[in-house]
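With mmCIF, C-alpha atoms and all ligand atoms inside, this is my_file08.cif:
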data_model
loop_
_atom_site.label_atom_id
_atom_site.label_comp_id
_atom_site.auth_asym_id
_atom_site.auth_seq_id
_atom_site.Cartn_x
_atom_site.Cartn_y
_atom_site.Cartn_z
CA MET H 60 -15.75 119.16 -15.50
CA SER H 61 -17.26 117.63 -18.60
CA THR H 62 -16.98 118.75 -22.22
CA GLY H 63 -19.99 120.08 -24.15
CA LYS H 64 -22.88 117.64 -24.26
CA LEU H 65 -25.63 120.15 -24.89
CA ARG H 66 -25.52 119.86 -28.66
CA ASP H 67 -28.42 120.72 -30.98
CA ARG H 68 -29.11 119.29 -34.41
CA TYR H 69 -27.37 122.24 -36.08
CA GLY H 70 -24.13 121.47 -34.25
CA ARG H 71 -24.26 124.33 -31.77
CA VAL H 72 -23.06 123.46 -28.28
CA ALA H 73 -24.41 125.32 -25.25
CA THR H 74 -21.74 126.15 -22.68
CA ASP H 75 -23.16 129.41 -21.28
CA LEU H 76 -25.96 128.98 -18.74
CA ARG H 77 -28.25 131.91 -17.85
CA VAL H 78 -29.94 131.28 -14.53
CA SER H 79 -32.94 133.36 -13.56
CA LEU H 80 -33.13 133.57 -9.77
CA THR H 81 -36.48 135.34 -9.55
CA ASP H 82 -39.10 136.84 -11.84
CA ARG H 83 -39.61 139.76 -9.42
CA CYS H 84 -38.13 143.19 -9.83
CA ASN H 85 -37.93 146.53 -8.09
CA LEU H 86 -38.04 148.51 -11.35
CA ARG H 87 -40.69 148.49 -14.03
CA CYS H 88 -38.87 149.20 -17.29
CA SER H 89 -41.55 149.90 -19.87
CA TYR H 90 -40.02 147.60 -22.53
CA CYS H 91 -40.08 144.75 -20.01
CA MET H 92 -42.98 145.05 -17.57
CA PRO H 93 -46.34 146.79 -17.34
CA ALA H 94 -46.66 149.78 -14.98
CA GLU H 95 -48.67 147.71 -12.57
CA GLY H 96 -49.86 144.14 -12.26
CA LEU H 97 -48.01 141.07 -13.47
CA ASP H 98 -48.50 137.77 -11.76
CA TRP H 99 -45.38 136.48 -10.01
CA LEU H 100 -44.45 132.83 -10.09
CA PRO H 101 -46.03 131.02 -7.12
CA ASP H 102 -43.43 130.70 -4.32
CA ASP H 103 -43.60 126.91 -4.18
CA THR H 104 -42.63 126.67 -7.85
CA VAL H 105 -39.46 128.74 -7.44
CA LEU H 106 -36.33 126.63 -7.01
CA SER H 107 -34.67 126.72 -3.59
CA ASP H 108 -31.02 127.75 -3.34
CA ASP H 109 -30.03 124.09 -3.02
CA GLU H 110 -32.09 123.15 -6.07
CA VAL H 111 -30.50 125.93 -8.15
CA VAL H 112 -27.02 124.85 -7.11
CA ARG H 113 -27.77 121.20 -7.84
CA LEU H 114 -28.91 121.99 -11.39
CA VAL H 115 -25.92 124.26 -11.99
CA HIS H 116 -23.69 121.49 -10.68
CA ILE H 117 -25.25 119.00 -13.14
CA GLY H 118 -24.77 121.52 -15.96
CA VAL H 119 -21.09 121.99 -15.12
CA GLU H 120 -20.06 118.50 -14.10
CA LEU H 121 -22.07 116.41 -16.57
CA LEU H 122 -22.92 118.69 -19.47
CA GLY H 123 -20.01 121.04 -20.12
CA ILE H 124 -21.36 124.38 -18.90
CA ARG H 125 -18.40 126.76 -18.52
CA GLU H 126 -20.01 130.11 -17.74
CA VAL H 127 -22.92 130.91 -15.48
CA ARG H 128 -24.72 134.25 -15.53
CA PHE H 129 -27.31 135.02 -12.87
CA THR H 130 -30.22 137.18 -13.92
CA GLY H 131 -33.95 137.62 -13.42
CA GLY H 132 -36.20 139.61 -12.80
CA GLU H 133 -33.77 141.32 -10.53
CA PRO H 134 -31.25 138.83 -9.09
CA LEU H 135 -30.20 141.19 -6.28
CA VAL H 136 -33.63 140.78 -4.69
CA ARG H 137 -32.94 137.07 -4.22
CA ARG H 138 -31.91 136.58 -0.61
CA GLY H 139 -29.57 133.63 -1.18
CA LEU H 140 -27.68 135.26 -4.07
CA VAL H 141 -24.25 135.58 -2.43
CA ASP H 142 -24.33 131.97 -1.27
CA ILE H 143 -25.48 130.72 -4.69
CA VAL H 144 -22.64 132.67 -6.31
CA ARG H 145 -20.12 131.24 -3.83
CA ARG H 146 -21.21 127.65 -4.46
CA THR H 147 -21.28 128.15 -8.23
CA SER H 148 -17.92 129.82 -8.35
CA ALA H 149 -16.47 126.91 -6.35
CA LEU H 150 -17.29 124.69 -9.36
CA GLY H 151 -14.55 126.52 -11.25
CA VAL H 152 -16.73 128.29 -13.81
CA GLU H 153 -16.90 131.97 -14.73
CA THR H 154 -19.73 133.69 -12.94
CA SER H 155 -21.44 136.98 -13.77
CA LEU H 156 -24.56 138.91 -12.93
CA THR H 157 -26.99 140.95 -15.02
CA THR H 158 -28.60 143.49 -12.74
CA ASN H 159 -30.29 146.86 -12.51
CA ALA H 160 -27.75 147.62 -9.74
CA LEU H 161 -30.31 148.72 -7.12
CA GLY H 162 -28.66 147.67 -3.86
CA LEU H 163 -25.41 146.71 -5.56
CA ALA H 164 -23.60 149.39 -3.57
CA ARG H 165 -24.29 147.27 -0.48
CA THR H 166 -23.50 143.84 -1.93
CA ALA H 167 -20.76 144.36 -4.53
CA HIS H 168 -17.93 143.51 -2.13
CA ALA H 169 -19.66 140.41 -0.76
CA LEU H 170 -20.34 139.22 -4.30
CA ALA H 171 -16.74 139.78 -5.37
CA GLU H 172 -15.53 137.98 -2.28
CA ALA H 173 -17.91 135.08 -3.08
CA GLY H 174 -16.15 134.72 -6.43
CA LEU H 175 -18.34 136.70 -8.82
CA ASP H 176 -16.24 137.70 -11.81
CA ARG H 177 -18.23 140.41 -13.59
CA VAL H 178 -21.44 142.43 -13.68
CA ASN H 179 -23.56 143.81 -16.49
CA VAL H 180 -25.69 146.71 -15.37
CA SER H 181 -28.77 147.85 -17.25
CA LEU H 182 -29.06 151.61 -17.56
CA ASP H 183 -30.87 153.40 -20.35
CA SER H 184 -30.39 157.04 -19.37
CA ILE H 185 -28.21 159.13 -17.11
CA ARG H 186 -30.89 161.82 -16.94
CA ARG H 187 -32.98 161.53 -13.82
CA GLU H 188 -36.25 162.37 -15.57
CA SER H 189 -35.75 159.95 -18.47
CA PHE H 190 -34.62 157.20 -16.10
CA LYS H 191 -37.78 157.73 -14.07
CA GLU H 192 -39.95 157.73 -17.19
CA ILE H 193 -38.43 154.48 -18.49
CA THR H 194 -38.20 152.53 -15.22
CA ARG H 195 -41.17 154.22 -13.50
CA ARG H 196 -39.02 154.66 -10.39
CA ASP H 197 -36.86 157.60 -9.28
CA ARG H 198 -33.76 155.50 -8.54
CA LEU H 199 -31.00 156.72 -10.86
CA ALA H 200 -28.72 157.70 -7.96
CA ASP H 201 -28.85 154.15 -6.55
CA VAL H 202 -27.89 152.68 -9.92
CA LEU H 203 -24.94 155.03 -10.28
CA ALA H 204 -23.80 154.16 -6.74
CA GLY H 205 -24.12 150.46 -7.53
CA LEU H 206 -22.05 150.84 -10.69
CA ALA H 207 -19.29 152.66 -8.84
CA ALA H 208 -19.26 150.01 -6.10
CA ALA H 209 -19.00 147.22 -8.68
CA GLN H 210 -16.04 148.93 -10.32
CA GLU H 211 -14.41 149.48 -6.97
CA ALA H 212 -14.96 145.85 -5.92
CA GLY H 213 -13.15 144.63 -9.03
CA LEU H 214 -16.24 143.24 -10.78
CA GLY H 215 -14.98 144.48 -14.09
CA PRO H 216 -14.84 145.20 -16.84
CA VAL H 217 -18.21 146.64 -15.85
CA LYS H 218 -20.58 146.51 -18.80
CA VAL H 219 -23.59 148.77 -19.15
CA ASN H 220 -26.54 147.60 -21.26
CA ALA H 221 -28.86 150.23 -22.71
CA VAL H 222 -32.11 149.87 -24.63
CA LEU H 223 -33.13 152.86 -26.74
CA MET H 224 -36.76 153.80 -27.21
CA ARG H 225 -38.00 156.12 -29.89
CA GLY H 226 -38.89 159.57 -28.65
CA ILE H 227 -37.82 158.72 -25.10
CA ASN H 228 -34.05 158.23 -24.98
CA ASP H 229 -32.92 157.55 -28.55
CA ASP H 230 -31.40 161.04 -28.74
CA GLN H 231 -29.27 160.23 -25.68
CA ALA H 232 -27.00 157.61 -27.26
CA PRO H 233 -23.93 159.87 -27.67
CA GLU H 234 -24.40 161.27 -24.16
CA LEU H 235 -24.53 157.78 -22.67
CA LEU H 236 -21.42 156.76 -24.57
CA ARG H 237 -19.44 159.83 -23.51
CA TRP H 238 -20.43 159.21 -19.91
CA ALA H 239 -19.58 155.47 -20.02
CA ILE H 240 -16.16 156.13 -21.54
CA GLY H 241 -15.47 158.75 -18.87
CA GLU H 242 -16.40 156.32 -16.09
CA GLY H 243 -14.51 153.36 -17.60
CA TYR H 244 -17.64 151.27 -18.28
CA GLU H 245 -18.17 149.29 -21.50
CA LEU H 246 -21.43 150.40 -23.07
CA ARG H 247 -23.54 148.15 -25.28
CA PHE H 248 -26.82 149.05 -26.91
CA ILE H 249 -29.42 146.28 -27.17
CA GLU H 250 -32.18 146.30 -29.77
CA GLN H 251 -35.57 146.04 -28.16
CA MET H 252 -37.04 142.56 -28.58
CA PRO H 253 -40.60 141.21 -28.53
CA LEU H 254 -40.38 139.97 -24.96
CA ASP H 255 -42.33 142.61 -23.03
CA ALA H 256 -45.05 141.33 -20.72
CA GLN H 257 -47.56 143.69 -22.34
CA HIS H 258 -46.95 142.38 -25.89
CA ARG H 259 -46.66 145.95 -27.17
CA TRP H 260 -43.43 145.54 -29.16
CA SER H 261 -43.60 146.42 -32.82
CA ARG H 262 -40.97 146.16 -35.50
CA ASP H 263 -41.72 149.72 -36.63
CA GLY H 264 -41.51 151.08 -33.10
CA MET H 265 -38.11 149.63 -32.20
CA VAL H 266 -34.85 151.55 -32.62
CA THR H 267 -32.69 149.53 -35.01
CA ALA H 268 -28.93 149.04 -34.93
CA ASP H 269 -28.66 151.23 -38.05
CA GLU H 270 -30.42 154.05 -36.22
CA ILE H 271 -28.15 153.56 -33.20
CA PHE H 272 -25.08 153.88 -35.45
CA ALA H 273 -26.55 157.01 -37.05
CA HIS H 274 -27.09 158.62 -33.63
CA LEU H 275 -23.58 157.74 -32.46
CA GLU H 276 -21.86 158.76 -35.67
CA ARG H 277 -23.10 162.30 -35.26
CA GLU H 278 -20.49 162.66 -32.51
CA PHE H 279 -18.10 159.74 -32.81
CA THR H 280 -16.24 157.80 -35.47
CA LEU H 281 -16.86 154.07 -35.16
CA SER H 282 -14.66 151.40 -36.71
CA PRO H 283 -15.05 147.62 -36.31
CA ALA H 284 -12.90 146.27 -33.48
CA ALA H 285 -10.38 143.72 -34.69
CA GLU H 286 -11.10 141.03 -32.13
CA PRO H 287 -13.35 138.24 -33.44
CA ARG H 288 -16.89 138.25 -32.14
CA GLY H 289 -17.17 134.47 -31.60
CA SER H 290 -20.39 133.61 -29.83
CA ALA H 291 -20.63 137.06 -28.18
CA PRO H 292 -23.86 138.78 -29.17
CA ALA H 293 -22.33 142.28 -29.23
CA GLU H 294 -20.65 143.63 -32.36
CA LEU H 295 -17.81 145.74 -31.02
CA PHE H 296 -16.61 149.04 -32.45
CA LEU H 297 -13.66 151.24 -31.59
CA VAL H 298 -14.72 154.74 -30.65
CA ASP H 299 -12.64 157.45 -32.35
CA GLY H 300 -9.91 154.89 -33.09
CA GLY H 301 -9.94 153.32 -29.59
CA PRO H 302 -9.04 152.11 -27.09
CA ALA H 303 -12.62 152.77 -25.92
CA THR H 304 -15.25 150.55 -27.51
CA VAL H 305 -19.00 150.41 -27.87
CA GLY H 306 -21.09 147.32 -28.54
CA VAL H 307 -24.33 146.87 -30.41
CA ILE H 308 -26.46 143.81 -29.82
CA ALA H 309 -28.69 143.69 -32.86
CA SER H 310 -30.74 140.65 -31.90
CA VAL H 311 -33.58 141.60 -34.22
CA THR H 312 -32.02 143.14 -37.32
CA ARG H 313 -28.75 141.14 -37.36
CA PRO H 314 -29.54 137.91 -35.52
CA PHE H 315 -26.63 135.81 -34.28
CA CYS H 316 -28.57 132.58 -33.67
CA GLY H 317 -26.08 130.54 -35.72
CA ASP H 318 -23.37 131.19 -33.12
CA CYS H 319 -25.55 130.91 -30.02
CA ASP H 320 -24.00 128.99 -27.13
CA ARG H 321 -26.62 129.81 -24.50
CA VAL H 322 -29.20 127.88 -22.54
CA ARG H 323 -31.57 129.25 -19.93
CA LEU H 324 -32.88 127.97 -16.62
CA THR H 325 -35.93 129.81 -15.31
CA ALA H 326 -36.52 130.56 -11.64
CA ASP H 327 -39.15 127.81 -11.58
CA GLY H 328 -36.80 125.20 -12.96
CA GLN H 329 -37.64 125.10 -16.67
CA ILE H 330 -34.97 124.70 -19.33
CA ARG H 331 -35.42 127.01 -22.31
CA ASN H 332 -33.13 126.38 -25.25
CA CYS H 333 -33.78 129.91 -26.61
CA LEU H 334 -35.14 133.23 -25.35
CA PHE H 335 -37.90 132.81 -27.92
CA ALA H 336 -38.57 129.10 -27.36
CA ARG H 337 -42.22 128.06 -27.27
CA GLU H 338 -41.44 124.87 -25.37
CA GLU H 339 -39.74 124.29 -22.02
CA SER H 340 -38.44 121.22 -20.27
CA ASP H 341 -39.43 120.82 -16.64
CA LEU H 342 -36.34 119.96 -14.59
CA ARG H 343 -38.05 120.99 -11.35
CA ALA H 344 -40.60 118.19 -11.64
CA ALA H 345 -37.84 115.65 -12.30
CA LEU H 346 -35.75 117.00 -9.44
CA ARG H 347 -38.62 116.95 -6.96
CA ALA H 348 -39.68 113.47 -8.09
CA GLY H 349 -36.29 112.15 -6.98
CA ALA H 350 -34.54 111.83 -10.36
CA THR H 351 -30.80 111.13 -10.30
CA ASP H 352 -28.27 113.63 -11.65
CA GLU H 353 -27.86 111.46 -14.75
CA GLU H 354 -31.61 111.35 -15.40
CA ILE H 355 -31.86 115.12 -15.07
CA ALA H 356 -28.87 115.56 -17.37
CA GLU H 357 -30.52 113.31 -19.96
CA ARG H 358 -33.69 115.41 -19.88
CA TRP H 359 -31.60 118.56 -20.32
CA VAL H 360 -29.74 117.08 -23.32
CA THR H 361 -33.07 116.22 -24.98
CA ALA H 362 -34.34 119.76 -24.38
CA MET H 363 -31.32 121.21 -26.18
CA ALA H 364 -31.50 118.84 -29.14
CA GLY H 365 -34.74 120.48 -30.23
CA LYS H 366 -33.36 124.03 -30.39
CA ARG H 367 -34.58 125.85 -33.49
CA ALA H 368 -32.18 127.27 -36.06
CA GLY H 369 -33.24 130.86 -35.36
CA HIS H 370 -35.68 133.01 -33.43
CA GLY H 371 -37.75 133.76 -36.52
CA ILE H 372 -38.88 137.24 -35.41
CA ASP H 373 -39.15 138.23 -39.08
CA ASP H 374 -41.12 135.14 -39.99
CA PRO H 375 -44.86 135.80 -40.52
CA THR H 376 -45.61 132.81 -38.28
CA PHE H 377 -43.53 134.21 -35.37
CA LEU H 378 -45.28 134.03 -32.02
CA GLN H 379 -43.97 135.91 -28.99
CA PRO H 380 -43.30 133.50 -26.12
CA ASP H 381 -45.89 133.48 -23.35
CA ARG H 382 -43.25 134.15 -20.71
CA PRO H 383 -42.00 137.73 -20.60
CA MET H 384 -38.26 138.51 -20.42
CA SER H 385 -38.53 139.12 -16.67
CA ALA H 386 -39.67 135.54 -16.12
CA ILE H 387 -37.22 133.99 -18.60
CA GLY H 388 -34.02 135.68 -17.56
CA GLY H 389 -32.36 138.05 -20.01
N1 LIG A 1 -33.17 143.13 -13.90
C1 LIG A 1 -31.92 142.86 -14.48
C2 LIG A 1 -31.52 143.93 -15.45
O1 LIG A 1 -32.37 144.72 -15.85
O2 LIG A 1 -30.34 143.93 -15.84
C3 LIG A 1 -31.80 141.50 -15.15
C4 LIG A 1 -32.96 141.04 -15.97
S1 LIG A 1 -33.32 142.01 -17.40
C5 LIG A 1 -34.67 141.11 -18.08
C6 LIG A 1 -31.93 141.62 -18.43
C7 LIG A 1 -31.70 142.51 -19.61
O3 LIG A 1 -32.77 142.38 -20.50
C8 LIG A 1 -31.58 143.99 -19.29
O4 LIG A 1 -30.37 144.48 -19.84
C9 LIG A 1 -32.76 144.61 -19.98
O5 LIG A 1 -32.48 145.90 -20.48
C10 LIG A 1 -33.01 143.63 -21.09
N2 LIG A 1 -34.37 143.65 -21.60
C11 LIG A 1 -35.54 143.54 -20.92
N3 LIG A 1 -36.58 143.56 -21.76
C12 LIG A 1 -36.06 143.68 -23.01
C13 LIG A 1 -36.63 143.75 -24.31
N4 LIG A 1 -37.95 143.71 -24.51
N5 LIG A 1 -35.79 143.86 -25.36
C14 LIG A 1 -34.44 143.91 -25.18
N6 LIG A 1 -33.85 143.83 -23.97
C15 LIG A 1 -34.66 143.73 -22.91
FE1 LIG A 2 -36.60 144.81 -13.95
FE2 LIG A 2 -34.54 144.28 -15.51
FE3 LIG A 2 -37.08 144.12 -16.49
FE4 LIG A 2 -36.06 146.50 -15.87
S1 LIG A 2 -35.30 145.09 -17.46
S2 LIG A 2 -38.09 145.74 -15.27
S3 LIG A 2 -34.75 146.07 -14.16
S4 LIG A 2 -36.18 142.83 -14.94
#

Transcribe the structure of this file into structure tokens.
Ligand code: SAM
Ligand code: SF4
Amino acid sequence: MSTGKLRDRYGRVATDLRVSLTDRCNLRCSYCMPAEGLDWLPDDTVLSDDEVVRLVHIGVELLGIREVRFTGGEPLVRRGLVDIVRRTSALGVETSLTTNALGLARTAHALAEAGLDRVNVSLDSIRRESFKEITRRDRLADVLAGLAAAQEAGLGPVKVNAVLMRGINDDQAPELLRWAIGEGYELRFIEQMPLDAQHRWSRDGMVTADEIFAHLEREFTLSPAAEPRGSAPAELFLVDGGPATVGVIASVTRPFCGDCDRVRLTADGQIRNCLFAREESDLRAALRAGATDEEIAERWVTAMAGKRAGHGIDDPTFLQPDRPMSAIGG
């Protein structure tokens, strides 16, 4: 394995690769996708399993990637997932999955056996009606079954990611936390970001970290957890003195771009040096044109060098990326 070569001009080194395996999904979370319609990537542009593994291999062996997280869209709908996890894990890196957990009850054991280390499950409400309103599908029971299976298969600590939306589930923060603590899951709240396919996000409409704290502090006492945050996006707090914790990922109101160690590979083989990048670097074209591993690595290094200092959401010139979160990989 190589040491970090993916260095930008601000000295940050990317070691954490987020790989989107598909832009498709079986839910339709309103902060992510429209109720209906959204063009999928054409099939022939989506990387094959072998192509994904080759790029991951280049990232690990030549460029210093140490952690690989599979995401999407919904990675569990990708047929080759277990095999991709097995081949990635064999490279000796940490592997994890961000998923909505639909179908995880069936695959959790196979994934664990293939070497997957951890899962993050997205769940914004444990009330059937709110879940249905947010995701536009009546599938809460499947998610809960998937979570339990992940825990049972040893894919822990199981993290649960929740996005709060004003007037929909923002009053449910304490309830979610009580439930997560009871189940032994680590809950983290994520501020909603301007990455929805519909371009409906507004700064005034989003629930801020301060509001999340206010909701939680009505029922719990939060104190900063001692462990240093490092490059982790979540600020961790002890709940009622611990040991239980809750995380808040305040990407918008308390950006952590200065500590970012992430790089993203889209399902169609584009390197994005930031969620909010306006430019991509086409590794698929290089790969399919017969480039060597070294040539592809060089292209990847160049793509990272141009990473911007910050996402600039608060800048008046900020432009939301054309690709929605579901096609970037969250
Ligand atoms: N389908 C999988 C899932 O939901 O976990 C993986 C992909 S999803 C895009 C990854 C994460 O991004 C989820 O935790 C989801 O809640 C989050 N997400 C999606 N759209 C978002 C937005 N506009 N702002 C903040 N988080 C968002
Ligand atoms: Fe699908 Fe995940 Fe987006 Fe929800 S957040 S629509 S589960 S990709």

- Query: Leaving out H:Asn332 and any residue of its chain fewer than 5 positions from it, which residues lie within 10 Å of it when counting all atoms listed in the file, given as a list in words?
  - Reply: Leu65, Asp67, Ala73, Asp320, Arg321, Val322, Arg323, Leu324, Arg337, Glu338, Glu339, Ser340, Trp359, Ala362, Met363, Ala364, Gly365, Lys366 and Arg367 of chain H

May I have the residues within 9 Å of ligand LIG 1 (chain A), computed using all atoms listed in the file, as a CSV table (one decimal) with C-alpha atoms, keeping the file's coordinate frame?
chain,number,residue,atom,x,y,z
H,79,SER,CA,-32.9,133.4,-13.6
H,82,ASP,CA,-39.1,136.8,-11.8
H,83,ARG,CA,-39.6,139.8,-9.4
H,84,CYS,CA,-38.1,143.2,-9.8
H,85,ASN,CA,-37.9,146.5,-8.1
H,86,LEU,CA,-38.0,148.5,-11.4
H,88,CYS,CA,-38.9,149.2,-17.3
H,89,SER,CA,-41.6,149.9,-19.9
H,90,TYR,CA,-40.0,147.6,-22.5
H,91,CYS,CA,-40.1,144.8,-20.0
H,92,MET,CA,-43.0,145.0,-17.6
H,129,PHE,CA,-27.3,135.0,-12.9
H,130,THR,CA,-30.2,137.2,-13.9
H,131,GLY,CA,-34.0,137.6,-13.4
H,132,GLY,CA,-36.2,139.6,-12.8
H,133,GLU,CA,-33.8,141.3,-10.5
H,134,PRO,CA,-31.2,138.8,-9.1
H,135,LEU,CA,-30.2,141.2,-6.3
H,156,LEU,CA,-24.6,138.9,-12.9
H,157,THR,CA,-27.0,141.0,-15.0
H,158,THR,CA,-28.6,143.5,-12.7
H,159,ASN,CA,-30.3,146.9,-12.5
H,160,ALA,CA,-27.8,147.6,-9.7
H,179,ASN,CA,-23.6,143.8,-16.5
H,180,VAL,CA,-25.7,146.7,-15.4
H,181,SER,CA,-28.8,147.8,-17.2
H,182,LEU,CA,-29.1,151.6,-17.6
H,183,ASP,CA,-30.9,153.4,-20.4
H,219,VAL,CA,-23.6,148.8,-19.2
H,220,ASN,CA,-26.5,147.6,-21.3
H,221,ALA,CA,-28.9,150.2,-22.7
H,222,VAL,CA,-32.1,149.9,-24.6
H,249,ILE,CA,-29.4,146.3,-27.2
H,250,GLU,CA,-32.2,146.3,-29.8
H,251,GLN,CA,-35.6,146.0,-28.2
H,252,MET,CA,-37.0,142.6,-28.6
H,253,PRO,CA,-40.6,141.2,-28.5
H,254,LEU,CA,-40.4,140.0,-25.0
H,255,ASP,CA,-42.3,142.6,-23.0
H,256,ALA,CA,-45.0,141.3,-20.7
H,260,TRP,CA,-43.4,145.5,-29.2
H,310,SER,CA,-30.7,140.6,-31.9
H,383,PRO,CA,-42.0,137.7,-20.6
H,384,MET,CA,-38.3,138.5,-20.4
H,385,SER,CA,-38.5,139.1,-16.7
H,386,ALA,CA,-39.7,135.5,-16.1
H,387,ILE,CA,-37.2,134.0,-18.6
H,388,GLY,CA,-34.0,135.7,-17.6
H,389,GLY,CA,-32.4,138.0,-20.0

- Message: I need the residue nearest H:Asp327 from this list: H:Glu294, H:His116, H:Val78, H:Val141. Use all atoms listed in the file for the distance.
- Response: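 Selected residue with least distance to H:Asp327: H:Val78.
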
- Message: For H:Leu275, find every residue with an atom within 10 Å (counting all atoms listed in the file), except residues of its own chain fewer than 5 positions away, and show them as an NGL selection string.
- Response: :H and (230-236 or 269-270 or 280-281 or 298 or 305)

- Item | Using only C-alpha atoms: which of H:Val136, H:Ile330, H:Ile308, H:Ala350 has the shortest distance to H:Ala268 | H:Ile308

- Among the residues H:Arg137, H:His168, H:Lys191, H:Lys64, the one that comes closest to H:Glu120 [using all atoms listed in the file]: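 When distances to H:Glu120 are compared using all atoms listed in the file, the smallest one comes from H:Lys64.
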
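Every protein, DNA or RNA residue with an atom at most 9 Å from H:Thr267, where all atoms listed in the file count and chain neighbours fewer than 3 positions away do not, is listed here: Leu223, Glu250, Gln251, Arg262, Glu270, Ile271, Phe272, Ala309, Val311 and Thr312 of chain H.
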
Since the input lacks atoms, please generate N, CA and C atoms for stretch 355-366 of chain H and provide them as a short mmCIF file (atom, residue, chain, number, x, y, z; two decimals), in the coordinates of the input.
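The resulting rebuild27.cif:
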data_model
loop_
_atom_site.label_atom_id
_atom_site.label_comp_id
_atom_site.auth_asym_id
_atom_site.auth_seq_id
_atom_site.Cartn_x
_atom_site.Cartn_y
_atom_site.Cartn_z
N ILE H 355 -31.59 113.70 -14.82
CA ILE H 355 -31.86 115.12 -15.07
C ILE H 355 -31.01 115.60 -16.25
N ALA H 356 -29.76 115.17 -16.28
CA ALA H 356 -28.87 115.56 -17.37
C ALA H 356 -29.43 115.08 -18.71
N GLU H 357 -29.97 113.87 -18.72
CA GLU H 357 -30.52 113.31 -19.96
C GLU H 357 -31.70 114.16 -20.46
N ARG H 358 -32.55 114.57 -19.53
CA ARG H 358 -33.69 115.41 -19.88
C ARG H 358 -33.21 116.74 -20.47
N TRP H 359 -32.15 117.27 -19.90
CA TRP H 359 -31.60 118.56 -20.32
C TRP H 359 -31.03 118.43 -21.75
N VAL H 360 -30.32 117.32 -21.98
CA VAL H 360 -29.74 117.08 -23.32
C VAL H 360 -30.85 117.02 -24.36
N THR H 361 -31.94 116.33 -24.05
CA THR H 361 -33.07 116.22 -24.98
C THR H 361 -33.68 117.59 -25.26
N ALA H 362 -33.77 118.42 -24.21
CA ALA H 362 -34.34 119.76 -24.38
C ALA H 362 -33.50 120.60 -25.35
N MET H 363 -32.19 120.40 -25.31
CA MET H 363 -31.32 121.21 -26.18
C MET H 363 -31.36 120.72 -27.62
N ALA H 364 -31.55 119.42 -27.79
CA ALA H 364 -31.50 118.84 -29.14
C ALA H 364 -32.55 119.51 -30.03
N GLY H 365 -33.65 119.92 -29.44
CA GLY H 365 -34.74 120.48 -30.23
C GLY H 365 -34.64 121.97 -30.49
N LYS H 366 -33.49 122.58 -30.19
CA LYS H 366 -33.36 124.03 -30.39
C LYS H 366 -33.55 124.39 -31.86
#
